[in-house]
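Pasting target.cif here (mmCIF, C-alpha atoms):
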```cif
data_run
loop_
_atom_site.label_atom_id
_atom_site.label_comp_id
_atom_site.auth_asym_id
_atom_site.auth_seq_id
_atom_site.Cartn_x
_atom_site.Cartn_y
_atom_site.Cartn_z
CA MET U 1278 -55.55 -86.04 72.41
CA GLN U 1279 -57.29 -84.31 75.33
CA ARG U 1280 -54.58 -81.67 75.43
CA TRP U 1281 -55.34 -80.87 71.79
CA ALA U 1282 -59.01 -80.57 72.60
CA ILE U 1283 -58.30 -77.97 75.30
CA ILE U 1284 -56.82 -75.69 72.64
CA LEU U 1285 -58.95 -76.68 69.67
CA VAL U 1286 -62.40 -76.48 71.22
CA PRO U 1287 -62.17 -72.83 72.37
CA VAL U 1288 -60.61 -71.82 69.05
CA LEU U 1289 -63.38 -73.50 67.07
CA LEU U 1290 -65.99 -72.02 69.40
CA ILE U 1291 -64.64 -68.50 68.92
CA GLY U 1292 -64.58 -69.10 65.17
CA LEU U 1293 -68.18 -70.26 65.20
CA ILE U 1294 -69.34 -67.27 67.23
CA TYR U 1295 -67.50 -64.98 64.83
CA LEU U 1296 -69.16 -66.70 61.87
CA ALA U 1297 -72.60 -66.58 63.51
CA LEU U 1298 -72.25 -62.85 64.14
CA GLY U 1299 -71.08 -62.30 60.58
CA LEU U 1300 -74.00 -64.20 59.10
CA ARG U 1301 -76.46 -62.00 60.96
CA GLU U 1302 -75.21 -58.94 59.12
CA ASN U 1303 -77.06 -57.97 55.99
CA PRO U 1304 -74.45 -57.94 53.22
CA LYS U 1305 -76.62 -55.55 51.26
CA GLU U 1306 -76.29 -52.90 53.95
CA ILE U 1307 -72.90 -51.32 53.81
CA PRO U 1308 -72.30 -49.03 56.77
CA SER U 1309 -71.53 -45.56 55.45
CA PRO U 1310 -68.26 -43.98 56.52
CA LEU U 1311 -69.90 -40.63 55.79
CA VAL U 1312 -72.06 -40.76 58.90
CA GLY U 1313 -70.63 -38.19 61.29
CA LYS U 1314 -69.05 -36.23 58.46
CA THR U 1315 -70.23 -32.98 56.96
CA PHE U 1316 -72.70 -33.18 54.13
CA PRO U 1317 -70.85 -31.84 51.08
CA GLU U 1318 -72.06 -28.87 49.12
CA TYR U 1319 -73.22 -29.35 45.55
CA ASN U 1320 -73.95 -26.74 42.95
CA THR U 1321 -76.50 -28.45 40.82
CA GLN U 1322 -79.90 -27.96 39.26
CA ASP U 1323 -83.35 -28.85 40.39
CA LEU U 1324 -85.96 -30.61 38.30
CA ASP U 1325 -87.12 -27.27 36.85
CA GLY U 1326 -83.63 -26.59 35.55
CA GLU U 1327 -82.95 -23.87 38.11
CA GLU U 1328 -79.70 -23.48 39.99
CA PHE U 1329 -79.76 -25.39 43.22
CA ARG U 1330 -77.08 -25.15 45.88
CA LEU U 1331 -77.52 -28.29 47.93
CA SER U 1332 -75.98 -27.73 51.33
CA GLY U 1333 -76.46 -29.10 54.80
CA ILE U 1334 -76.12 -25.82 56.67
CA ASP U 1335 -79.51 -24.29 57.28
CA ALA U 1336 -81.81 -23.17 60.06
CA ARG U 1337 -83.68 -26.43 59.67
CA PRO U 1338 -82.25 -29.96 59.54
CA MET U 1339 -82.79 -31.85 56.32
CA ILE U 1340 -83.31 -35.29 54.97
CA VAL U 1341 -81.99 -36.12 51.53
CA ASN U 1342 -83.98 -38.89 49.95
CA VAL U 1343 -82.28 -40.48 46.96
CA TRP U 1344 -84.93 -41.65 44.51
CA ALA U 1345 -85.55 -42.45 40.85
CA SER U 1346 -88.58 -43.09 38.71
CA TRP U 1347 -87.14 -46.48 37.69
CA CYS U 1348 -86.73 -47.51 41.30
CA VAL U 1349 -89.49 -49.88 42.34
CA ALA U 1350 -88.69 -49.78 46.05
CA CYS U 1351 -88.96 -46.00 45.96
CA ARG U 1352 -92.62 -46.34 45.14
CA THR U 1353 -93.25 -48.39 48.26
CA GLU U 1354 -91.68 -45.81 50.56
CA HIS U 1355 -93.08 -42.81 48.73
CA PRO U 1356 -96.47 -42.67 50.52
CA VAL U 1357 -94.58 -42.69 53.84
CA ILE U 1358 -92.46 -39.75 52.75
CA ASN U 1359 -95.53 -37.93 51.46
CA LYS U 1360 -97.31 -38.37 54.75
CA LEU U 1361 -94.43 -37.47 57.04
CA SER U 1362 -93.46 -34.54 54.86
CA ARG U 1363 -96.87 -33.07 55.62
CA GLN U 1364 -96.31 -33.65 59.34
CA TYR U 1365 -92.67 -32.62 59.61
CA GLY U 1366 -92.23 -30.40 56.55
CA ASP U 1367 -92.25 -27.18 58.58
CA ARG U 1368 -89.45 -28.38 60.88
CA VAL U 1369 -87.39 -30.53 58.52
CA ARG U 1370 -86.38 -29.80 54.95
CA PHE U 1371 -87.36 -32.71 52.71
CA ILE U 1372 -84.91 -32.72 49.83
CA GLY U 1373 -85.06 -35.19 46.97
CA LEU U 1374 -82.01 -36.33 45.06
CA ASN U 1375 -83.22 -37.65 41.75
CA TYR U 1376 -80.60 -40.23 40.85
CA LYS U 1377 -79.74 -41.30 37.29
CA ASP U 1378 -83.12 -40.51 35.86
CA LYS U 1379 -84.63 -38.83 32.85
CA LEU U 1380 -86.01 -35.41 33.61
CA ASP U 1381 -89.42 -36.07 32.07
CA ASP U 1382 -89.77 -39.43 33.82
CA ALA U 1383 -88.83 -37.85 37.13
CA LYS U 1384 -91.37 -35.04 36.79
CA ARG U 1385 -94.11 -37.39 35.66
CA TRP U 1386 -93.37 -39.66 38.61
CA LEU U 1387 -93.79 -36.80 41.08
CA ASP U 1388 -97.01 -35.69 39.34
CA GLN U 1389 -98.35 -39.18 39.61
CA TYR U 1390 -97.30 -40.16 43.11
CA GLY U 1391 -97.08 -36.78 44.81
CA ASP U 1392 -94.16 -34.47 45.51
CA PRO U 1393 -93.14 -34.42 49.17
CA TYR U 1394 -89.89 -32.56 48.50
CA ALA U 1395 -89.17 -28.92 49.12
CA ARG U 1396 -86.79 -29.34 46.19
CA SER U 1397 -85.30 -32.17 44.19
CA ALA U 1398 -81.74 -32.05 42.90
CA PHE U 1399 -81.28 -33.57 39.46
CA ASP U 1400 -78.34 -35.97 39.40
CA HIS U 1401 -78.64 -37.27 35.88
CA ASN U 1402 -75.20 -38.89 35.67
CA GLY U 1403 -75.14 -40.14 39.23
CA ARG U 1404 -72.01 -38.23 40.19
CA ILE U 1405 -73.54 -36.63 43.28
CA GLY U 1406 -74.85 -40.06 44.23
CA ILE U 1407 -71.43 -41.69 44.00
CA ASP U 1408 -69.89 -38.73 45.81
CA LEU U 1409 -72.30 -39.50 48.64
CA GLY U 1410 -71.49 -43.21 48.54
CA VAL U 1411 -74.90 -44.11 47.17
CA TYR U 1412 -75.04 -47.59 45.70
CA GLY U 1413 -78.70 -48.31 45.56
CA VAL U 1414 -81.91 -46.41 45.77
CA PRO U 1415 -83.75 -45.55 47.86
CA GLU U 1416 -81.28 -44.22 50.37
CA THR U 1417 -81.91 -41.43 52.83
CA PHE U 1418 -79.46 -39.12 54.59
CA PHE U 1419 -80.31 -37.31 57.80
CA VAL U 1420 -78.45 -34.03 58.14
CA SER U 1421 -78.51 -31.86 61.26
CA THR U 1422 -78.51 -28.06 61.18
CA ASP U 1423 -74.73 -27.87 61.53
CA GLY U 1424 -74.46 -29.81 58.27
CA ARG U 1425 -73.42 -33.11 59.82
CA ILE U 1426 -74.73 -36.39 58.45
CA ILE U 1427 -76.07 -38.05 61.59
CA ASP U 1428 -77.63 -41.09 59.97
CA LYS U 1429 -78.15 -42.86 56.68
CA HIS U 1430 -80.88 -45.31 55.86
CA ILE U 1431 -80.54 -47.84 53.07
CA GLY U 1432 -83.62 -49.22 51.41
CA PRO U 1433 -87.27 -48.22 51.64
CA LEU U 1434 -88.34 -46.38 54.78
CA THR U 1435 -91.34 -47.48 56.77
CA GLU U 1436 -93.47 -45.03 58.71
CA PRO U 1437 -92.26 -46.04 62.21
CA VAL U 1438 -88.62 -45.96 61.11
CA LEU U 1439 -88.86 -42.59 59.39
CA THR U 1440 -90.84 -41.10 62.29
CA GLN U 1441 -88.22 -42.27 64.74
CA LYS U 1442 -85.34 -41.01 62.63
CA LEU U 1443 -86.99 -37.63 62.08
CA ASN U 1444 -87.46 -37.25 65.82
CA GLU U 1445 -83.86 -38.20 66.41
CA LEU U 1446 -82.83 -35.68 63.80
CA LEU U 1447 -84.85 -32.93 65.47
CA ASN U 1448 -83.34 -33.84 68.84
CA ALA U 1449 -79.83 -33.76 67.44
CA SER U 1450 -80.28 -30.40 65.77
CA MET X 379 -70.98 -86.32 25.43
CA SER X 380 -68.24 -85.59 27.93
CA ARG X 381 -65.94 -84.80 25.04
CA LEU X 382 -68.41 -82.21 23.80
CA ALA X 383 -68.68 -80.66 27.26
CA TYR X 384 -64.89 -80.60 27.44
CA PHE X 385 -64.69 -78.90 24.09
CA ILE X 386 -67.32 -76.28 25.04
CA THR X 387 -65.49 -75.56 28.27
CA ILE X 388 -62.21 -75.05 26.47
CA VAL X 389 -63.81 -72.76 23.90
CA PHE X 390 -65.64 -70.82 26.60
CA PHE X 391 -62.55 -70.22 28.69
CA SER X 392 -60.37 -69.31 25.78
CA LEU X 393 -63.03 -66.79 24.70
CA THR X 394 -63.15 -65.17 28.12
CA ALA X 395 -59.37 -65.13 28.22
CA ALA X 396 -59.36 -63.46 24.83
CA ALA X 397 -61.90 -60.91 26.02
CA GLU X 398 -59.68 -59.96 28.93
CA LEU X 399 -56.64 -59.55 26.77
CA LYS X 400 -58.36 -57.31 24.27
CA VAL X 401 -57.60 -54.10 26.18
CA ASP X 402 -54.61 -52.59 24.44
CA ASP X 403 -54.93 -49.00 25.53
CA PRO X 404 -52.65 -48.48 28.55
CA HIS X 405 -55.04 -45.95 30.09
CA GLU X 406 -57.97 -48.35 29.77
CA ARG X 407 -55.84 -51.10 31.23
CA LYS X 408 -54.93 -48.96 34.22
CA VAL X 409 -58.63 -48.16 34.74
CA LEU X 410 -59.48 -51.85 34.77
CA GLU X 411 -56.54 -52.59 37.02
CA ILE X 412 -57.85 -50.15 39.62
CA ALA X 413 -61.43 -51.27 39.05
CA ALA X 414 -60.38 -54.85 39.79
CA LYS X 415 -59.33 -53.72 43.27
CA LEU X 416 -62.73 -52.22 44.01
CA ARG X 417 -65.82 -54.16 44.94
CA CYS X 418 -69.02 -53.52 43.06
CA ALA X 419 -71.29 -52.35 45.86
CA VAL X 420 -74.50 -53.69 44.36
CA CYS X 421 -73.37 -57.10 43.17
CA GLN X 422 -71.38 -58.53 46.11
CA ASN X 423 -68.05 -60.15 45.56
CA GLU X 424 -67.70 -59.01 42.00
CA SER X 425 -65.19 -56.35 41.20
CA VAL X 426 -65.96 -53.07 39.48
CA ALA X 427 -63.90 -54.31 36.55
CA GLU X 428 -66.08 -57.38 36.01
CA SER X 429 -69.51 -56.03 36.77
CA ARG X 430 -71.90 -54.85 34.12
CA SER X 431 -74.05 -53.01 36.64
CA GLU X 432 -74.67 -49.36 36.07
CA LEU X 433 -72.95 -48.33 39.26
CA ALA X 434 -69.80 -50.20 38.23
CA THR X 435 -69.93 -48.59 34.78
CA ASP X 436 -70.17 -45.16 36.39
CA MET X 437 -67.37 -45.98 38.77
CA ARG X 438 -65.12 -47.01 35.88
CA ALA X 439 -65.93 -43.70 34.21
CA ILE X 440 -64.96 -41.84 37.38
CA ILE X 441 -61.72 -43.82 37.68
CA SER X 442 -60.94 -42.91 34.07
CA GLU X 443 -61.69 -39.20 34.62
CA GLN X 444 -59.65 -39.01 37.78
CA LEU X 445 -56.67 -40.73 36.20
CA LYS X 446 -56.85 -38.33 33.27
CA SER X 447 -56.87 -35.39 35.64
CA GLY X 448 -53.58 -36.68 37.05
CA GLN X 449 -54.69 -38.50 40.19
CA SER X 450 -52.64 -41.43 41.37
CA GLU X 451 -53.99 -44.92 41.81
CA LYS X 452 -53.97 -44.47 45.59
CA GLN X 453 -55.89 -41.22 45.34
CA VAL X 454 -58.54 -42.83 43.16
CA ILE X 455 -58.94 -45.78 45.50
CA ASP X 456 -59.06 -43.45 48.51
CA TYR X 457 -61.81 -41.44 46.82
CA PHE X 458 -64.03 -44.52 46.88
CA LYS X 459 -62.80 -45.67 50.29
CA VAL X 460 -63.84 -42.40 51.91
CA ARG X 461 -67.33 -42.73 50.41
CA TYR X 462 -68.03 -46.44 50.62
CA GLY X 463 -65.72 -47.50 53.44
CA ASP X 464 -63.30 -50.41 53.58
CA TYR X 465 -66.06 -52.58 52.16
CA ILE X 466 -65.26 -51.25 48.70
CA LEU X 467 -61.81 -52.85 48.72
CA MET X 468 -61.68 -56.33 47.22
CA LYS X 469 -58.81 -57.17 49.58
CA PRO X 470 -59.69 -56.53 53.20
CA VAL X 471 -57.56 -53.99 55.07
CA LYS X 472 -54.60 -55.34 57.01
CA THR X 473 -55.18 -53.24 60.13
CA GLY X 474 -57.98 -53.04 62.69
CA VAL X 475 -60.92 -55.36 62.13
CA GLY X 476 -59.39 -56.72 58.93
CA MET X 477 -56.24 -57.92 60.68
CA PRO X 478 -57.61 -61.26 62.00
CA LEU X 479 -58.64 -62.10 58.46
CA TRP X 480 -55.01 -62.01 57.40
CA LEU X 481 -53.46 -63.36 60.59
CA VAL X 482 -55.78 -66.26 61.39
CA PRO X 483 -54.95 -68.37 58.30
CA VAL X 484 -51.22 -67.83 58.79
CA GLY X 485 -51.56 -68.61 62.49
CA ALA X 486 -53.63 -71.70 61.78
CA LEU X 487 -51.03 -72.91 59.31
CA ILE X 488 -48.19 -72.44 61.81
CA VAL X 489 -50.14 -74.23 64.55
CA ALA X 490 -51.01 -77.06 62.18
CA LEU X 491 -47.39 -77.40 61.08
CA ALA X 492 -46.26 -77.44 64.71
CA PHE X 493 -48.73 -80.21 65.48
CA VAL X 494 -47.56 -82.26 62.52
CA LEU X 495 -43.93 -81.76 63.51
CA ILE X 496 -44.53 -82.83 67.10
CA TRP X 497 -46.53 -85.80 65.92
CA MET X 498 -43.86 -86.87 63.47
CA ARG X 499 -41.09 -86.59 66.05
CA ARG X 500 -43.04 -88.65 68.51
CA LYS X 501 -43.72 -91.25 65.86
CA SER X 502 -40.08 -91.55 64.85
CA ALA X 503 -38.97 -91.64 68.51
CA GLN X 504 -41.43 -94.47 69.08
CA SER X 505 -40.23 -96.36 66.04
CA VAL X 506 -36.57 -95.93 67.10
CA LEU X 507 -37.46 -97.35 70.49
CA ALA X 508 -39.39 -100.17 68.91
CA ALA X 509 -36.57 -100.94 66.52
CA THR X 510 -33.90 -101.17 69.25
CA PRO X 511 -33.74 -104.68 70.70
CA VAL X 512 -33.96 -104.60 74.47
CA ARG X 513 -30.94 -106.12 76.13
CA GLU X 514 -30.83 -107.34 79.69
CA ILE X 515 -28.48 -105.17 81.77
CA THR X 516 -25.39 -106.76 83.06
CA GLU X 517 -24.38 -107.14 86.71
CA GLU X 518 -21.75 -104.44 86.23
CA GLU X 519 -24.31 -101.97 85.02
CA ARG X 520 -26.70 -102.73 87.83
CA GLU X 521 -23.93 -101.90 90.35
CA MET X 522 -23.27 -98.62 88.51
CA ILE X 523 -26.90 -97.65 88.82
CA GLU X 524 -27.02 -98.57 92.45
CA ARG X 525 -23.94 -96.44 93.11
CA ALA X 526 -25.44 -93.51 91.30
CA ARG X 527 -28.66 -93.83 93.32
CA GLN X 528 -26.70 -93.87 96.58
CA GLU X 529 -24.79 -90.76 95.54
CA GLY X 530 -28.01 -89.02 94.59
CA GLN X 531 -29.48 -89.60 98.03
CA ASP X 532 -26.48 -88.19 99.88
#
```
Represent the supplied structure as structure tokens.
Amino acid sequence: MQRWAIILVPVLLIGLIYLALGLRENPKEIPSPLVGKTFPEYNTQDLDGEEFRLSGIDARPMIVNVWASWCVACRTEHPVINKLSRQYGDRVRFIGLNYKDKLDDAKRWLDQYGDPYARSAFDHNGRIGIDLGVYGVPETFFVSTDGRIIDKHIGPLTEPVLTQKLNELLNAS
Amino acid sequence: MSRLAYFITIVFFSLTAAAELKVDDPHERKVLEIAAKLRCAVCQNESVAESRSELATDMRAIISEQLKSGQSEKQVIDYFKVRYGDYILMKPVKTGVGMPLWLVPVGALIVALAFVLIWMRRKSAQSVLAATPVREITEEEREMIERARQEGQD
């Protein structure tokens, strides 16, 4: 009996530790395999119907904020993006990716809550979103000047988090 | 009452079974077959084939388009794997971090079987011993043992 315990106890303990670690993970946050990869290039349109070549390579780093007018959580993070866009807008490109929305709703939303974006790509059928591994909005990509995705945030951004990530982005670029 | 519940259950399951069988189109069936291997990212532990979420609907559309453009099942699955990671697969990967998930149950089963086997052998050995009547050794045998002991010491 004791001999069994010598084997069983450590095995159970390891199992429990494994389980405890697993339970701490948020199942709603899927780590993106795209972090570290190059941000793809998309030939799309902006909300004014003009051609928009969305690319990571630029003199300034960029953040791509995936949003939609139907997304409730986007409204909670929007004031943060507005504010930090004013502070960082000259050093970082703030790009919106309007995901699965109606054009009129999207424009009205920006009129109502403010438009922090240098430009917003219009992804009406969600194909760009899926190509970027987006599964919920809001999501935000941080892209350095060499076009590499250095970070991705899932869910609404708070001011301290976005400030920190913008600074990290500037340091990495 | 319980008969009614039984009846409702039967009807319900036969309806869902019927709903699954309704897909006749081979292309559609292939789409659902691939979709069943992919996890719906927003609904947790529901496959893309089962989910009614918008993301799953879009993903099914993409699977359909890619198949039509001649992509293989592996290519379609890889498309999603590159973008959403191993998480997107309903069956965890068999290498790297996913390996323990596959090996631990098999290992546990083998260990458990080994324990049972050892236990059973011991039990039967004990019962054999218990079943054999103990006989007093004879004088002749005692001398044999003594001789053997003497030889062992030399």
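If you take only C-alpha atoms and a cut-off of 7 Å, the residues of chain X that reach chain U are Ala419, Val420, Leu433, Val460, Arg461, Tyr462 and Gly463 of chain X.
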Next on the checklist: Given the PyMOL selection byres ((chain U and resi 1433-1435) around 7) and the file above, list the residues it selects as a ChimeraX atom specification.
Outcome noted: /U:1350-1351,1353-1354,1357,1415,1431-1432,1436-1439
Checklist entry - Exactly which residues make up the result of the PyMOL selection byres ((chain U and resi 1381) around 12) on this file, given as a list in words? => result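 Applied to this file, the PyMOL selection byres ((chain U and resi 1381) around 12) returns Leu1324, Asp1325, Gly1326, Ala1345, Ser1346, Asn1375, Asp1378, Lys1379, Leu1380, Asp1382, Ala1383, Lys1384, Arg1385, Trp1386, Leu1387, Asp1388, Phe1399 and His1401 of chain U.
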Checklist entry - So how many Å separate CA of Ile515 (chain X) and CA of Arg500 (chain X), to one decimal? => result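 These two atoms are separated by 25.7 Å.
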Item to check | Gly1424 (chain U) surroundings by all atoms listed in the file, 6 Å radius, close-in-sequence under 2 positions cut, as number ranges by chain | outcome: U: 1315-1316, 1333-1334, 1420-1422
Checklist entry - What is the distance between CA of Ala1398 (chain U) and CA of Leu1374 (chain U), in Å to one decimal? => result 4.8 Å
Next on the checklist: On this structure, the PyMOL selection byres ((chain X and resi 467) around 10) would catch which residues? List them as a PyMOL selection string, sorted by chain and number.
Outcome noted: chain X and resi 413-419+425+455-456+458-459+462-466+468-471
Checklist entry - What does the distance from CA of Ser442 (chain X) to CA of Leu1331 (chain U) come to in Å, to one decimal? => result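 Going from CA of Ser442 (chain X) over to CA of Leu1331 (chain U), I get 26.1 Å.
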